[in-house]
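File shown: target_15.txt. Contents: compact mmCIF, C-alpha atoms.
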# COMPACT_ATOMS: atom_id res chain seq x y z
CA ASP A 1 9.67 -77.14 44.60
CA THR A 2 12.63 -79.52 44.93
CA SER A 3 11.02 -81.76 47.57
CA LYS A 4 9.50 -84.05 44.91
CA ASN A 5 12.93 -85.26 43.79
CA THR A 6 14.46 -86.69 46.96
CA SER A 7 17.24 -88.41 44.97
CA LEU A 8 18.56 -85.06 43.65
CA GLN A 9 22.37 -84.87 44.12
CA ARG A 10 23.29 -81.57 42.43
CA LEU A 11 21.25 -78.34 42.19
CA TYR A 12 22.24 -75.26 40.16
CA CYS A 13 19.74 -72.36 40.27
CA SER A 14 21.78 -69.19 39.72
CA ASN A 15 20.66 -66.09 37.81
CA ASN A 16 16.91 -66.63 38.35
CA LEU A 17 14.35 -64.53 40.22
CA LEU A 18 13.87 -67.04 43.04
CA GLN A 19 12.45 -65.58 46.27
CA SER A 20 12.60 -68.72 48.42
CA ILE A 21 13.95 -72.24 48.34
CA ASP A 22 13.66 -75.19 50.74
CA ILE A 23 16.08 -78.10 50.29
CA SER A 24 15.55 -79.71 53.68
CA LYS A 25 13.96 -82.83 52.13
CA ASN A 26 16.70 -83.36 49.53
CA THR A 27 18.80 -85.59 51.76
CA SER A 28 20.91 -86.86 48.84
CA LEU A 29 21.99 -83.34 47.84
CA SER A 30 25.78 -82.81 47.90
CA THR A 31 26.23 -79.78 45.63
CA PHE A 32 24.14 -76.59 45.89
CA VAL A 33 24.82 -73.42 43.87
CA CYS A 34 22.23 -70.62 44.15
CA SER A 35 23.69 -67.16 43.38
CA ASN A 36 22.23 -63.94 41.99
CA ASN A 37 18.60 -64.39 43.14
CA TRP A 38 16.03 -62.52 45.26
CA ILE A 39 16.22 -65.14 48.02
CA ASN A 40 14.43 -63.89 51.16
CA SER A 41 13.58 -67.27 52.63
CA TRP A 42 16.47 -69.64 53.27
CA ASN A 43 16.73 -73.20 54.57
CA PRO A 44 20.18 -74.60 53.76
CA SER A 45 20.64 -76.78 56.82
CA LEU A 46 21.66 -80.10 55.24
CA SER A 47 24.55 -82.11 56.69
CA THR A 48 25.06 -83.84 53.32
CA LEU A 49 26.14 -80.63 51.55
CA THR A 50 29.85 -80.75 50.65
CA SER A 51 29.91 -78.11 47.91
CA LYS A 52 27.84 -74.92 48.22
CA TYR A 53 27.82 -71.35 47.02
CA GLY A 54 25.19 -68.63 47.35
CA ALA A 55 26.65 -65.20 46.65
CA ASN A 56 24.67 -62.03 45.84
CA ASN A 57 21.30 -62.78 47.41
CA ILE A 58 19.15 -60.40 49.46
CA LEU A 59 18.19 -61.83 52.85
CA PRO A 60 16.43 -60.04 55.72
CA GLN A 61 18.43 -59.11 58.79
CA GLY A 62 18.74 -62.01 61.23
CA THR A 63 18.71 -64.78 58.60
CA PRO A 64 21.45 -67.36 59.41
CA ASP A 65 24.44 -66.43 57.25
CA THR A 66 25.44 -69.95 56.20
CA TYR A 67 26.92 -69.15 52.81
CA PRO A 68 29.32 -66.34 51.74
CA ASP A 69 28.04 -62.89 50.79
CA ILE A 70 24.55 -63.50 52.14
CA GLY A 71 23.10 -60.98 54.57
CA GLY A 72 20.94 -57.92 55.12
CA GLY A 73 21.63 -54.37 56.22
CA SER A 74 19.87 -51.59 58.17
CA GLY A 75 21.00 -48.25 59.48
CA SER A 76 19.98 -45.04 61.24
CA GLY A 77 21.47 -41.61 61.87
CA ASP A 78 20.77 -38.15 63.39
CA GLY A 79 22.25 -34.76 62.55
CA ASN A 80 22.27 -31.52 64.57
CA GLY A 81 24.20 -28.39 63.77
CA ASP A 82 24.97 -24.86 64.80
CA GLY A 83 26.08 -23.00 61.73
CA ASN A 84 26.73 -24.72 58.41
CA GLY A 85 27.82 -28.36 58.23
CA THR A 86 27.27 -31.64 56.39
CA GLY A 87 27.66 -35.25 57.46
CA ASN A 88 27.17 -38.72 55.91
CA GLY A 89 27.38 -42.22 57.35
CA THR A 90 27.75 -45.50 55.44
CA GLY A 91 28.24 -49.07 56.68
CA ASP A 92 29.52 -48.95 60.26
CA GLY A 93 31.31 -45.63 59.82
CA THR A 94 30.56 -42.01 60.82
CA GLY A 95 30.67 -38.71 58.95
CA ASN A 96 31.49 -35.20 60.26
CA GLY A 97 30.36 -31.82 58.91
CA ASN A 98 32.66 -29.03 57.91
CA GLY A 99 31.02 -26.53 60.24
CA THR A 100 30.02 -26.85 63.85
CA GLY A 101 27.35 -29.37 63.01
CA ASN A 102 27.97 -33.11 62.67
CA GLY A 103 26.05 -36.20 61.60
CA ASN A 104 26.38 -39.87 62.54
CA GLY A 105 25.09 -42.96 60.70
CA THR A 106 25.26 -46.62 61.66
CA SER A 107 24.12 -49.82 59.98
CA ASN A 108 24.08 -53.50 60.87
CA GLY A 109 24.43 -56.34 58.34
CA ASN A 110 26.69 -57.50 55.64
CA ASN A 111 25.51 -54.92 53.11
CA ALA A 112 26.38 -51.23 53.48
CA GLY A 113 23.63 -48.63 53.88
CA ASN A 114 23.67 -44.95 52.88
CA GLY A 115 21.54 -42.26 54.48
CA ASN A 116 20.88 -38.53 54.75
CA GLY A 117 18.80 -36.26 56.96
CA THR A 118 18.50 -32.69 58.24
CA GLY A 119 19.29 -31.02 61.54
CA THR A 120 18.26 -27.65 62.93
CA GLY A 121 20.01 -25.21 65.23
CA ASN A 122 21.17 -21.66 65.04
CA GLY A 123 22.33 -22.43 61.49
CA ASN A 124 21.86 -25.19 58.90
CA GLY A 125 23.20 -28.72 59.33
CA THR A 126 22.84 -32.10 57.64
CA GLY A 127 23.61 -35.56 58.97
CA GLY A 128 23.06 -39.28 58.43
CA GLY A 129 19.49 -40.50 58.51
CA ASN A 130 17.88 -43.26 56.49
CA ASN A 131 19.39 -46.59 55.46
CA GLN A 132 19.14 -47.96 51.93
CA THR A 133 19.24 -51.73 51.39
CA ALA A 134 21.39 -53.39 48.75
CA THR A 135 20.34 -52.95 45.13
CA PRO A 136 18.98 -55.99 43.24
CA PRO A 137 21.57 -58.19 41.52
CA ASP A 138 21.98 -57.85 37.78
CA THR A 139 20.59 -61.12 36.46
CA ASP A 140 22.31 -60.56 33.13
CA THR A 141 25.77 -60.59 34.71
CA ASP A 142 27.61 -63.90 34.60
CA ASP A 143 28.74 -65.13 38.01
CA GLU A 144 32.03 -66.85 37.32
CA ALA A 145 31.94 -68.60 40.69
CA THR A 146 28.88 -70.62 39.61
CA GLU A 147 30.53 -71.88 36.41
CA PRO A 148 32.48 -75.06 37.23
CA SER A 149 35.79 -75.45 35.42
CA ILE A 150 36.41 -78.73 33.56
CA THR A 151 39.61 -80.32 34.87
CA ASP A 152 39.67 -83.63 32.99
CA ILE A 153 37.92 -85.49 30.14
CA ARG A 154 38.11 -89.31 29.92
CA THR A 155 36.99 -92.26 27.82
CA PRO A 156 37.72 -95.99 28.43
CA LEU A 157 39.48 -96.54 25.06
CA LYS A 158 41.54 -93.70 23.57
CA THR A 159 42.35 -95.80 20.47
CA LEU A 160 39.46 -97.28 18.50
CA TYR A 161 39.25 -99.63 15.54
CA MET A 162 36.11 -99.42 13.42
CA LYS A 163 34.96 -101.29 10.35
CA LYS A 164 34.26 -99.08 7.35
CA GLY A 165 30.56 -98.15 7.15
CA THR A 166 29.83 -98.64 10.86
CA SER A 167 29.15 -96.12 13.64
CA LEU A 168 30.05 -95.96 17.32
CA THR A 169 29.47 -93.54 20.21
CA PRO A 170 32.33 -93.93 22.71
CA PRO A 171 31.44 -93.03 26.33
CA VAL A 172 32.97 -89.72 27.43
CA CYS A 173 33.00 -88.17 30.91
CA ALA A 174 34.02 -84.61 31.83
CA TYR A 175 35.06 -83.86 35.40
CA SER A 176 34.90 -80.42 37.01
CA ASP A 177 36.28 -78.83 40.16
CA ASP A 178 32.71 -78.54 41.45
CA GLU A 179 31.95 -82.26 41.44
CA GLU A 180 33.21 -84.87 43.91
CA GLY A 181 34.15 -88.10 42.15
CA GLU A 182 31.37 -87.80 39.57
CA ALA A 183 31.24 -86.75 35.95
CA ASP A 184 29.73 -83.30 35.41
CA PRO A 185 26.33 -83.85 33.73
CA ASP A 186 26.13 -80.19 32.69
CA ALA A 187 29.49 -80.04 30.89
CA GLU A 188 29.21 -78.65 27.36
CA LEU A 189 31.49 -80.56 25.00
CA SER A 190 32.19 -80.11 21.30
CA TYR A 191 33.43 -82.79 18.90
CA LYS A 192 35.61 -82.42 15.78
CA SER A 193 37.28 -84.83 13.32
CA SER A 194 40.74 -84.17 11.91
CA ASN A 195 39.75 -85.89 8.64
CA THR A 196 36.09 -86.11 7.72
CA ASN A 197 36.91 -88.26 4.69
CA ILE A 198 38.04 -90.99 7.10
CA ALA A 199 35.62 -90.48 10.02
CA THR A 200 32.95 -87.93 10.94
CA VAL A 201 31.50 -87.11 14.36
CA ASP A 202 28.27 -85.33 15.26
CA GLU A 203 27.46 -83.04 18.19
CA SER A 204 26.48 -85.99 20.39
CA GLY A 205 29.85 -87.75 19.85
CA LYS A 206 28.61 -90.40 17.39
CA ILE A 207 31.47 -91.44 15.07
CA LYS A 208 30.87 -92.77 11.55
CA ALA A 209 33.64 -94.69 9.77
CA ARG A 210 33.75 -93.45 6.14
CA SER A 211 36.87 -94.92 4.54
CA ALA A 212 40.04 -96.77 5.48
CA GLY A 213 42.62 -94.66 7.25
CA THR A 214 43.23 -92.83 10.53
CA ALA A 215 41.53 -89.76 11.98
CA THR A 216 41.62 -88.03 15.37
CA ILE A 217 38.44 -87.04 17.17
CA SER A 218 38.92 -84.04 19.48
CA VAL A 219 36.54 -83.58 22.43
CA THR A 220 36.79 -80.05 23.85
CA ALA A 221 35.20 -78.30 26.83
CA GLU A 222 34.38 -74.57 27.01
CA ASN A 223 37.61 -73.87 28.92
CA ASN A 224 39.60 -75.64 26.11
CA LYS A 225 40.32 -78.76 28.18
CA SER A 226 40.38 -81.54 25.60
CA LEU A 227 40.58 -85.26 24.92
CA LYS A 228 41.82 -86.88 21.70
CA ILE A 229 40.53 -90.24 20.46
CA LYS A 230 42.42 -92.01 17.66
CA VAL A 231 40.11 -93.76 15.18
CA ASN A 232 41.47 -96.40 12.83
CA VAL A 233 39.04 -97.34 10.05
CA VAL A 234 39.62 -100.81 8.57
CA SER A 235 37.93 -102.80 5.83
CA LYS A 236 37.32 -106.00 7.83
CA ALA A 237 35.81 -106.52 11.28
CA LYS A 238 37.86 -108.27 13.95
CA ALA A 239 36.33 -109.91 17.03
CA LEU A 240 37.53 -109.49 20.62
CA LYS A 241 38.87 -112.81 21.96
CA LYS A 242 39.85 -111.85 25.50
CA LEU A 243 39.12 -109.05 27.99
CA SER A 244 41.18 -108.50 31.12
CA LEU A 245 42.23 -105.69 33.49
CA ALA A 246 45.55 -104.00 34.01
CA LYS A 247 46.75 -104.01 37.61
CA LEU A 248 43.92 -102.75 39.81
CA PRO A 249 44.25 -102.26 43.60
CA LYS A 250 42.28 -104.64 45.79
CA LYS A 251 41.68 -101.91 48.35
CA LEU A 252 40.80 -98.20 48.18
CA ASN A 253 40.53 -95.59 50.90
CA VAL A 254 37.31 -93.63 51.39
CA GLY A 255 37.30 -90.71 48.93
CA GLN A 256 39.98 -92.26 46.68
CA THR A 257 39.44 -92.47 42.91
CA LYS A 258 40.98 -94.76 40.32
CA PHE A 259 40.53 -95.32 36.57
CA ILE A 260 40.13 -98.87 35.24
CA LYS A 261 42.58 -99.80 32.47
CA LEU A 262 41.55 -102.52 30.04
CA LYS A 263 43.64 -105.16 28.24
CA LEU A 264 42.23 -106.27 24.89
CA THR A 265 43.19 -109.32 22.84
CA PRO A 266 43.63 -108.54 20.04
CA SER A 267 44.20 -104.82 20.59
CA THR A 268 42.84 -104.19 17.06
CA ALA A 269 39.36 -105.64 17.75
CA THR A 270 36.72 -103.49 16.09
CA ASN A 271 33.65 -101.56 17.25
CA LEU A 272 34.00 -102.25 20.97
CA LYS A 273 31.24 -101.04 23.30
CA VAL A 274 32.37 -100.95 26.93
CA SER A 275 30.13 -100.95 30.01
CA PHE A 276 30.97 -100.76 33.74
CA LYS A 277 28.84 -101.69 36.76
CA SER A 278 29.30 -101.80 40.53
CA SER A 279 27.57 -104.48 42.60
CA ASN A 280 27.38 -102.01 45.50
CA PRO A 281 27.34 -98.35 44.35
CA ARG A 282 26.90 -97.19 47.94
CA VAL A 283 30.42 -98.45 48.61
CA ILE A 284 32.10 -97.89 45.21
CA ARG A 285 30.70 -95.92 42.28
CA VAL A 286 31.90 -96.47 38.72
CA ASP A 287 31.01 -94.22 35.78
CA LYS A 288 30.91 -94.90 32.04
CA ALA A 289 34.55 -93.83 31.62
CA GLY A 290 35.68 -96.46 34.17
CA ARG A 291 36.38 -94.10 37.06
CA LEU A 292 36.03 -95.73 40.49
CA THR A 293 35.13 -93.62 43.52
CA ALA A 294 35.29 -95.11 47.04
CA ILE A 295 32.26 -93.82 48.99
CA LYS A 296 32.34 -95.65 52.32
CA LYS A 297 33.78 -98.74 53.99
CA GLY A 298 32.67 -102.06 52.58
CA GLN A 299 33.18 -104.27 49.53
CA ALA A 300 31.97 -104.20 45.94
CA GLU A 301 32.50 -106.16 42.75
CA ILE A 302 33.16 -104.22 39.56
CA ILE A 303 31.83 -105.83 36.37
CA ILE A 304 33.22 -104.84 32.95
CA LYS A 305 31.57 -106.02 29.72
CA ILE A 306 32.43 -105.72 26.03
CA GLY A 307 29.89 -107.63 23.96
CA LYS A 308 29.84 -111.19 25.31
CA LYS A 309 33.21 -110.83 27.06
CA LYS A 310 33.20 -110.03 30.77
CA CYS A 311 35.67 -109.66 33.62
CA THR A 312 35.26 -108.69 37.29
CA ALA A 313 37.32 -107.24 40.12
CA ALA A 314 36.57 -107.39 43.87
CA ILE A 315 37.60 -104.24 45.73
CA ALA A 316 37.38 -103.38 49.44
CA VAL A 317 37.09 -99.87 50.85
CA GLY A 318 38.73 -99.25 54.23
Translate this structure into structure tokens?
Amino acid sequence: DTSKNTSLQRLYCSNNLLQSIDISKNTSLSTFVCSNNWINSWNPSLSTLTSKYGANNILPQGTPDTYPDIGGGSGSGDGNGDGNGTGNGTGDGTGNGNGTGNGNGTSNGNNAGNGNGTGTGNGNGTGGGNNQTATPPDTDTDDEATEPSITDIRTPLKTLYMKKGTSLTPPVCAYSDDEEGEADPDAELSYKSSNTNIATVDESGKIKARSAGTATISVTAENNKSLKIKVNVVSKAKALKKLSLAKLPKKLNVGQTKFIKLKLTPSTATNLKVSFKSSNPRVIRVDKAGRLTAIKKGQAEIIIKIGKKKCTAAIAVG
């Protein structure tokens, strides 16, 4: 029952044994993937849906075929013969016997039907008869179409300075071809350090500075898309004195995206924790990697903070 979460924006429910689903109350839903199920009750009529896929379901004949590869099939056939003959019909085709008898089979729907029957005359004849509906999907088979591909991985600061003995979890966002301007919350990422004597990293991305030197943290998605973060471990902490932005446009078009670039003084300031916020996320969204997405016309102020340092940028969407 998805109606209890009206703020739901993305729904993935492939490879289950679902028989029905109603998303009519999920008015915030933009992405809907529901393949390889036993769906026989369907209500996908949402105007907010911009990304949708529902292959390999079994729906009764007459169900609105809104998504690809969704449909039902039925068929019928009769055979009569004089002499010896055979006939088969599948899909919308016909089959003819080799003797004087013939059989015809027809079916309606998106899934082919197969049938057989018997006919009588002066001899023996066979023809098309009964339709067979599509076989159940194999729930153990991976549906590649439901697996979004990671296209980019970002973090606000690709070069970090950390004091020896401290830890830091830099924000990381992975973007897929199935999301529209948002980080993919389901992306599976792995982390690895080039030199664990200098810096280690755990499965959640938390970096620990072990000893002075330089190490590279690699963040890798399942499709081998990767991001590298350079970590410089130093013996003394250094405070950030000034935070500012690189050139940022004052206006964006609806649907346009842009990454915020930061200017740090000094650039070697240690253990920096960055946060981003939009004063009006209905107009402009900003994620933890600093990616701006223009949603609709209006204005918003973007606030960037590192410790006690803060800077802002006013942006209009036209």
Between A:Gln19, A:Thr257, A:Thr216, A:Ser279, smallest distance to A:Leu292 by only C-alpha atoms belongs to A:Thr257
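Within 7 Å of the point (36.5, -103.8, 44.7) in file coordinates, and counting only C-alpha atoms, lie the residues Lys250, Lys251, Gln299, Ala300, Glu301, Ile302, Ala313, Ala314, Ile315 and Ala316 of chain A.
Proximity of A:Asn224, A:Ser190, A:Thr196, A:Thr312 to A:Ser244, computed with only C-alpha atoms, is greatest for A:Thr312.
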Contacts of A:Ser267 within 9 Å, all atoms listed in the file, excl. fewer than 3 positions in-chain, as a PyMOL selection string: chain A and resi 161+240+263-264+270
Excluding A:Lys288 and residues on its chain fewer than 3 positions from it, collect all residues at most 7 Å away from it, counting only C-alpha atoms, and give them as a list in words. Pro171, Ser275 and Phe276 of chain A
Near-A:Ser235 list (8 Å; only C-alpha atoms; drop same-chain fewer than 2 positions) as a ChimeraX atom specification: /A:163-164,212,233,237
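In this comparison, which uses only C-alpha atoms, the residue of A:Thr200, A:Cys34, A:Asp287, A:Arg210 approaching A:Ser20 most closely is A:Cys34.
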For a test of reading the model, state the distance in Å between atom CA of A:Ala199 and atom CA of A:Leu160, rounded to one decimal. 11.5 Å
Could you give me, as a PDB file with C-alpha atoms, in the coordinates of the input, the residues that sit within 12 Å of (36.3, -97.8, 52.7) in the file's coordinates, counting only C-alpha atoms?
ATOM      1  CA  LYS A 250      42.280-104.640  45.790  1.00  0.00           C
ATOM      2  CA  LYS A 251      41.680-101.910  48.350  1.00  0.00           C
ATOM      3  CA  LEU A 252      40.800 -98.200  48.180  1.00  0.00           C
ATOM      4  CA  ASN A 253      40.530 -95.590  50.900  1.00  0.00           C
ATOM      5  CA  VAL A 254      37.310 -93.630  51.390  1.00  0.00           C
ATOM      6  CA  GLY A 255      37.300 -90.710  48.930  1.00  0.00           C
ATOM      7  CA  GLN A 256      39.980 -92.260  46.680  1.00  0.00           C
ATOM      8  CA  THR A 257      39.440 -92.470  42.910  1.00  0.00           C
ATOM      9  CA  ARG A 282      26.900 -97.190  47.940  1.00  0.00           C
ATOM     10  CA  VAL A 283      30.420 -98.450  48.610  1.00  0.00           C
ATOM     11  CA  ILE A 284      32.100 -97.890  45.210  1.00  0.00           C
ATOM     12  CA  ARG A 285      30.700 -95.920  42.280  1.00  0.00           C
ATOM     13  CA  THR A 293      35.130 -93.620  43.520  1.00  0.00           C
ATOM     14  CA  ALA A 294      35.290 -95.110  47.040  1.00  0.00           C
ATOM     15  CA  ILE A 295      32.260 -93.820  48.990  1.00  0.00           C
ATOM     16  CA  LYS A 296      32.340 -95.650  52.320  1.00  0.00           C
ATOM     17  CA  LYS A 297      33.780 -98.740  53.990  1.00  0.00           C
ATOM     18  CA  GLY A 298      32.670-102.060  52.580  1.00  0.00           C
ATOM     19  CA  GLN A 299      33.180-104.270  49.530  1.00  0.00           C
ATOM     20  CA  ALA A 300      31.970-104.200  45.940  1.00  0.00           C
ATOM     21  CA  ILE A 315      37.600-104.240  45.730  1.00  0.00           C
ATOM     22  CA  ALA A 316      37.380-103.380  49.440  1.00  0.00           C
ATOM     23  CA  VAL A 317      37.090 -99.870  50.850  1.00  0.00           C
ATOM     24  CA  GLY A 318      38.730 -99.250  54.230  1.00  0.00           C
TER      25      GLY A 318
END
